[in-house]
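Colleague: Sharing my_file38.tsv, TSV, C-alpha atoms:
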```
chain	number	residue	atom	x	y	z
A	18	MET	CA	0.00	0.00	0.00
A	19	ASP	CA	2.82	2.37	0.86
A	20	GLN	CA	4.40	1.62	-2.46
A	21	SER	CA	1.33	2.76	-4.35
A	22	LYS	CA	1.47	6.12	-2.57
A	23	GLU	CA	4.97	6.67	-3.80
A	24	GLN	CA	4.13	6.26	-7.44
A	25	ILE	CA	5.25	9.13	-9.60
A	26	GLY	CA	2.14	10.67	-11.02
A	27	SER	CA	0.03	7.90	-9.60
A	28	ALA	CA	-3.65	8.02	-8.93
A	29	SER	CA	-2.85	8.69	-5.29
A	30	GLU	CA	-2.18	12.31	-6.24
A	31	SER	CA	-5.78	12.66	-7.34
A	32	PRO	CA	-7.80	9.60	-6.39
A	33	SER	CA	-11.06	10.97	-7.72
A	34	LEU	CA	-9.80	11.20	-11.29
A	35	LYS	CA	-9.10	7.52	-11.65
A	36	SER	CA	-12.69	6.48	-11.16
A	37	LYS	CA	-14.33	9.37	-12.97
A	38	PRO	CA	-13.09	10.21	-16.47
A	39	MET	CA	-13.36	13.79	-17.61
A	40	ASN	CA	-15.69	14.78	-20.40
A	41	MET	CA	-14.19	15.18	-23.85
A	42	ALA	CA	-14.34	18.98	-23.95
A	43	ALA	CA	-12.43	19.32	-20.70
A	44	THR	CA	-9.95	16.71	-21.84
A	45	ILE	CA	-9.27	18.54	-25.08
A	46	ALA	CA	-8.92	21.84	-23.23
A	47	ILE	CA	-6.43	20.33	-20.81
A	48	CYS	CA	-4.47	18.67	-23.59
A	49	SER	CA	-4.32	22.00	-25.40
A	50	THR	CA	-2.75	23.61	-22.37
A	51	GLY	CA	-0.32	20.72	-22.26
A	52	TRP	CA	0.63	21.44	-25.84
A	53	LEU	CA	1.22	25.12	-25.13
A	54	VAL	CA	3.15	24.52	-21.90
A	55	PRO	CA	4.75	21.08	-21.69
A	56	GLY	CA	3.70	19.20	-18.56
A	57	LEU	CA	0.89	21.58	-17.66
A	58	ALA	CA	-1.81	19.08	-18.65
A	59	HIS	CA	-0.55	16.59	-16.08
A	60	VAL	CA	-0.37	19.30	-13.45
A	61	LEU	CA	-3.97	20.29	-14.15
A	62	ILE	CA	-5.24	16.74	-13.77
A	63	GLY	CA	-3.41	16.31	-10.50
A	64	ARG	CA	-0.28	14.45	-11.64
A	65	TRP	CA	1.95	17.36	-10.80
A	66	ILE	CA	5.13	15.37	-10.11
A	67	ARG	CA	4.91	13.68	-13.46
A	68	GLY	CA	4.04	17.01	-15.07
A	69	LEU	CA	7.07	18.75	-13.60
A	70	ILE	CA	9.37	15.98	-14.78
A	71	PHE	CA	7.88	16.15	-18.26
A	72	ALA	CA	8.19	19.93	-18.33
A	73	ALA	CA	11.82	19.70	-17.30
A	74	CYS	CA	12.58	17.08	-19.94
A	75	VAL	CA	10.99	18.94	-22.83
A	76	LEU	CA	12.22	22.40	-21.88
A	77	VAL	CA	15.76	21.24	-21.15
A	78	MET	CA	15.93	19.44	-24.47
A	79	PHE	CA	14.50	22.46	-26.28
A	80	SER	CA	16.90	24.84	-24.53
A	81	LEU	CA	19.87	22.64	-25.33
A	82	GLY	CA	18.79	22.57	-28.95
A	83	ILE	CA	18.73	26.35	-29.03
A	84	ALA	CA	22.06	26.56	-27.18
A	85	MET	CA	23.62	24.22	-29.73
A	86	HIS	CA	22.57	26.61	-32.50
A	87	GLY	CA	19.93	24.26	-33.78
A	88	GLU	CA	17.43	25.37	-36.39
A	89	LEU	CA	13.69	25.70	-35.96
A	90	TYR	CA	11.66	24.87	-39.03
A	91	ASP	CA	9.04	27.36	-40.10
A	92	SER	CA	5.93	27.14	-42.22
A	93	SER	CA	7.74	28.27	-45.36
A	94	PHE	CA	9.26	24.99	-46.38
A	95	ASP	CA	10.68	23.98	-49.71
A	96	GLN	CA	10.86	20.26	-49.13
A	97	LEU	CA	8.33	17.83	-47.72
A	98	LEU	CA	10.69	16.72	-44.96
A	99	ASP	CA	10.88	20.31	-43.75
A	100	PHE	CA	7.12	20.21	-43.28
A	101	PHE	CA	7.48	17.25	-40.93
A	102	GLY	CA	10.20	19.12	-39.08
A	103	PHE	CA	7.85	22.07	-38.72
A	104	ILE	CA	5.09	19.85	-37.31
A	105	ALA	CA	7.57	18.31	-34.88
A	106	ASN	CA	8.84	21.73	-33.76
A	107	LEU	CA	5.26	22.89	-33.20
A	108	GLY	CA	4.95	20.26	-30.48
A	109	ALA	CA	7.00	22.41	-28.13
A	110	GLY	CA	4.10	24.88	-28.00
A	111	LEU	CA	4.76	28.36	-26.67
A	112	ALA	CA	8.49	27.70	-26.48
A	113	TYR	CA	8.52	27.35	-30.27
A	114	TRP	CA	6.63	30.59	-30.83
A	115	ALA	CA	8.75	32.44	-28.30
A	116	ALA	CA	12.00	31.27	-29.84
A	117	ALA	CA	10.87	31.83	-33.41
A	118	GLY	CA	9.39	35.23	-32.58
A	119	SER	CA	12.49	36.47	-30.82
A	120	GLY	CA	14.77	35.52	-33.64
A	121	ILE	CA	16.59	32.68	-31.95
A	122	GLY	CA	16.46	29.21	-33.39
A	123	VAL	CA	17.60	30.44	-36.76
A	124	GLY	CA	20.43	27.96	-36.68
A	125	THR	CA	24.06	28.35	-37.58
A	126	MET	CA	24.81	25.73	-40.16
A	127	THR	CA	28.56	26.06	-39.73
A	128	TRP	CA	28.36	25.52	-35.96
A	129	PRO	CA	29.77	22.10	-34.95
A	130	SER	CA	26.70	21.03	-33.01
A	131	TYR	CA	24.14	22.54	-35.39
A	132	ASP	CA	22.82	19.18	-36.50
A	133	TYR	CA	22.54	17.83	-32.94
A	134	GLY	CA	20.76	20.98	-31.86
A	135	THR	CA	18.26	20.73	-34.69
A	136	LYS	CA	17.49	17.13	-33.74
A	137	PHE	CA	17.10	18.11	-30.09
A	138	LEU	CA	14.54	20.72	-31.09
A	139	VAL	CA	12.62	18.25	-33.23
A	140	VAL	CA	12.59	15.55	-30.56
A	141	ALA	CA	11.54	18.01	-27.83
A	142	GLY	CA	8.37	18.70	-29.80
A	143	LEU	CA	7.76	15.04	-30.54
A	144	LEU	CA	8.16	14.11	-26.88
A	145	ASN	CA	5.56	16.70	-25.96
A	146	TYR	CA	3.10	15.08	-28.39
A	147	LEU	CA	3.61	11.78	-26.54
A	148	ILE	CA	3.17	13.56	-23.22
A	149	ILE	CA	-0.10	15.09	-24.43
A	150	LEU	CA	-1.37	11.64	-25.44
A	151	ASP	CA	-0.45	10.34	-21.99
A	152	ALA	CA	-2.43	13.17	-20.38
A	153	PHE	CA	-5.35	12.39	-22.68
A	154	ASP	CA	-5.38	8.74	-21.60
A	155	ILE	CA	-5.22	9.67	-17.94
A	156	ALA	CA	-8.01	12.23	-18.26
A	157	GLN	CA	-10.17	9.69	-20.06
A	158	GLY	CA	-9.58	7.11	-17.35
A	159	ARG	CA	-7.68	4.76	-19.61
A	160	LYS	CA	-4.57	4.87	-17.45
A	161	PRO	CA	-4.26	4.77	-13.67
B	1	MET	CA	27.44	25.45	-26.76
B	2	ILE	CA	29.38	22.65	-28.34
B	3	LEU	CA	28.80	19.13	-27.13
B	4	SER	CA	30.70	16.09	-28.22
B	5	HIS	CA	28.76	13.45	-30.06
B	6	PHE	CA	28.85	11.14	-27.06
B	7	THR	CA	27.76	13.81	-24.59
B	8	ALA	CA	24.88	14.78	-26.83
B	9	LEU	CA	23.98	11.12	-27.09
B	10	LEU	CA	24.02	10.69	-23.30
B	11	ILE	CA	21.78	13.71	-22.71
B	12	PHE	CA	19.43	12.70	-25.50
B	13	ALA	CA	19.16	9.13	-24.19
B	14	LEU	CA	18.65	10.30	-20.61
B	15	ILE	CA	15.78	12.64	-21.46
B	16	VAL	CA	14.04	10.32	-23.88
B	17	SER	CA	14.35	7.30	-21.58
B	18	THR	CA	12.91	9.32	-18.69
B	19	VAL	CA	9.84	10.28	-20.71
B	20	PHE	CA	9.42	6.78	-22.14
B	21	GLY	CA	9.72	5.21	-18.70
B	22	LEU	CA	7.11	7.49	-17.18
B	23	ILE	CA	4.69	7.15	-20.07
B	24	THR	CA	4.95	3.44	-20.65
B	25	LYS	CA	4.80	2.04	-17.12
B	26	ASN	CA	2.69	2.83	-14.09
B	27	GLU	CA	4.59	1.45	-11.10
B	28	PRO	CA	7.66	3.44	-9.98
B	29	ARG	CA	9.88	0.37	-9.97
B	30	GLU	CA	8.75	-0.58	-13.47
B	31	GLN	CA	9.21	3.00	-14.65
B	32	PHE	CA	12.76	3.07	-13.36
B	33	ARG	CA	13.67	-0.32	-14.78
B	34	TYR	CA	12.19	0.44	-18.17
B	35	GLY	CA	13.86	3.84	-18.23
B	36	VAL	CA	17.23	2.26	-17.49
B	37	PHE	CA	16.58	-0.37	-20.15
B	38	VAL	CA	15.79	2.26	-22.79
B	39	PHE	CA	18.80	4.34	-21.76
B	40	LEU	CA	21.17	1.40	-22.02
B	41	SER	CA	19.57	0.34	-25.28
B	42	PHE	CA	20.33	3.75	-26.76
B	43	LEU	CA	23.95	3.44	-25.70
B	44	ALA	CA	24.28	-0.13	-26.93
B	45	ALA	CA	22.72	0.72	-30.28
B	46	ALA	CA	25.04	3.69	-30.68
B	47	PHE	CA	28.12	1.59	-30.00
B	48	VAL	CA	27.00	-1.24	-32.28
B	49	VAL	CA	26.07	1.05	-35.16
B	50	GLY	CA	29.24	3.04	-34.62
B	51	TRP	CA	31.43	-0.01	-34.90
B	52	LEU	CA	29.45	-1.28	-37.90
B	53	MET	CA	30.14	2.01	-39.69
B	54	TYR	CA	33.78	2.11	-38.63
B	55	PRO	CA	35.17	0.33	-41.72
B	56	LEU	CA	33.01	2.32	-44.11
B	57	PRO	CA	34.93	4.85	-46.20
B	58	LEU	CA	33.04	7.95	-45.07
```
Output the file's structure as structure tokens, nothing else.
Modeller:
Amino acid sequence: MDQSKEQIGSASESPSLKSKPMNMAATIAICSTGWLVPGLAHVLIGRWIRGLIFAACVLVMFSLGIAMHGELYDSSFDQLLDFFGFIANLGAGLAYWAAAGSGIGVGTMTWPSYDYGTKFLVVAGLLNYLIILDAFDIAQGRKP
Amino acid sequence: MILSHFTALLIFALIVSTVFGLITKNEPREQFRYGVFVFLSFLAAAFVVGWLMYPLPL
């Protein structure tokens, strides 16, 4: 019993949510906040430890990508693969808009870690999509 | 910031394995074990693929 209380993001943080799934509108609203701010969806449904870990993971990876002079894809793409990169980058939510709007994330192609940084930025967004799906399942009562 | 390939790999594997462990499993012990498994799998795959590419004339 003690072990179940120690679960990271377990139902013990919000016991009422496990038995009563949220309605779809609330679930979508919460997942939208989770897209804009990574980890916020889990915090809103009571899994705040898990949410904070997720937020740290995504934001650290995104920040490292920026620090490594990675490139953010934008909507003006020439190749189809750039479109997928744009969709992946969008997963970071507000962090993407903030970085793109402030002029960082342009990328320095001659920088040694440019390619690593670009991949970090892409994967940060993709991880947040997975995190949103996890929040969706929890809100719908499909996961404990 | 300039990271070596291996350092970037370590950080990447650590973050991704943390998220995968938390998402995939529910019990803390299972989450930790699966996270470690994914992390070590990333490292093992990197070493194996690295050595496989070693003789290639690139």
Colleague: May I ask which of the residues A:Ala156, A:Met78, A:Ala115, A:Gly51 is the closest one to Leu10 of chain B, counting only C-alpha atoms?
Modeller: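 Once distances to Leu10 of chain B are computed over only C-alpha atoms, the minimum belongs to A:Met78.
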Colleague: Looking at only C-alpha atoms, which of A:Val77, A:Gly108, A:Asn40, A:Ile83 is the one that sits closest to Ile149 of chain A?
Modeller: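 Looking only at the distances to Ile149 of chain A, the closest residue turns out to be A:Gly108.
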Colleague: What residues in chain A lie within 6 Å of chain B, counting all atoms listed in the file, written as a PyMOL selection string?
Modeller: chain A and resi 24+74+84-85+130
Colleague: Applying 10 Å and only C-alpha atoms, which residues near segment 41-44 of chain B remain after dropping the ones on its own chain fewer than 2 positions away? List them as a compact mmCIF listing (two decimals) with C-alpha atoms, in the coordinates of the input.
Modeller:
```txt
# COMPACT_ATOMS: atom_id res chain seq x y z
CA PHE B 6 28.85 11.14 -27.06
CA LEU B 9 23.98 11.12 -27.09
CA LEU B 10 24.02 10.69 -23.30
CA PHE B 12 19.43 12.70 -25.50
CA ALA B 13 19.16 9.13 -24.19
CA LEU B 14 18.65 10.30 -20.61
CA VAL B 16 14.04 10.32 -23.88
CA SER B 17 14.35 7.30 -21.58
CA GLY B 35 13.86 3.84 -18.23
CA VAL B 36 17.23 2.26 -17.49
CA PHE B 37 16.58 -0.37 -20.15
CA VAL B 38 15.79 2.26 -22.79
CA PHE B 39 18.80 4.34 -21.76
CA ALA B 46 25.04 3.69 -30.68
CA PHE B 47 28.12 1.59 -30.00
CA VAL B 48 27.00 -1.24 -32.28
CA VAL B 49 26.07 1.05 -35.16
CA GLY B 50 29.24 3.04 -34.62
```
Colleague: Report, in Å to a single decimal, how far apart atom CA of Phe94 of chain A and atom CA of Gly122 of chain A are.
Modeller: 15.4 Å
Colleague: So which residues touch segment 153-155 of chain A within 12 Å, counting all atoms listed in the file, skipping near sequence neighbours fewer than 2 positions away, as a ChimeraX atom specification?
Modeller: /A:26-28,31-52,58-64,67,146-151,157-161 /B:23-24,26
Colleague: Any idea what the distance is between atom CA of Asn106 of chain A and atom CA of Gly142 of chain A?
Modeller: 5.0 Å
Colleague: Just give me the gap between atom CA of Gly110 of chain A and atom CA of Gly82 of chain A in Å, one decimal is fine.
Modeller: 14.9 Å
Colleague: Do a neighbour search on Val123 of chain A at 10 Å with only C-alpha atoms, toss out local chain neighbours closer than 2 positions, and write the hits as a list of chain:residue names.
Modeller: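 Once the adjacent positions are removed, what remains is A:Ile83, A:His86, A:Gly87, A:Glu88, A:Leu89, A:Tyr90, A:Asp91, A:Ala116, A:Ala117, A:Ser119, A:Gly120, A:Ile121, A:Thr125, A:Met126, A:Thr135.
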Colleague: Restrict the selected residues to C-alpha atoms and save them as a PDB file, in the coordinates of the input.
Modeller:
```
ATOM      1  CA  ILE A  83      18.730  26.350 -29.030  1.00  0.00           C
ATOM      2  CA  HIS A  86      22.570  26.610 -32.500  1.00  0.00           C
ATOM      3  CA  GLY A  87      19.930  24.260 -33.780  1.00  0.00           C
ATOM      4  CA  GLU A  88      17.430  25.370 -36.390  1.00  0.00           C
ATOM      5  CA  LEU A  89      13.690  25.700 -35.960  1.00  0.00           C
ATOM      6  CA  TYR A  90      11.660  24.870 -39.030  1.00  0.00           C
ATOM      7  CA  ASP A  91       9.040  27.360 -40.100  1.00  0.00           C
ATOM      8  CA  ALA A 116      12.000  31.270 -29.840  1.00  0.00           C
ATOM      9  CA  ALA A 117      10.870  31.830 -33.410  1.00  0.00           C
ATOM     10  CA  SER A 119      12.490  36.470 -30.820  1.00  0.00           C
ATOM     11  CA  GLY A 120      14.770  35.520 -33.640  1.00  0.00           C
ATOM     12  CA  ILE A 121      16.590  32.680 -31.950  1.00  0.00           C
ATOM     13  CA  THR A 125      24.060  28.350 -37.580  1.00  0.00           C
ATOM     14  CA  MET A 126      24.810  25.730 -40.160  1.00  0.00           C
ATOM     15  CA  THR A 135      18.260  20.730 -34.690  1.00  0.00           C
TER      16      THR A 135
END
```
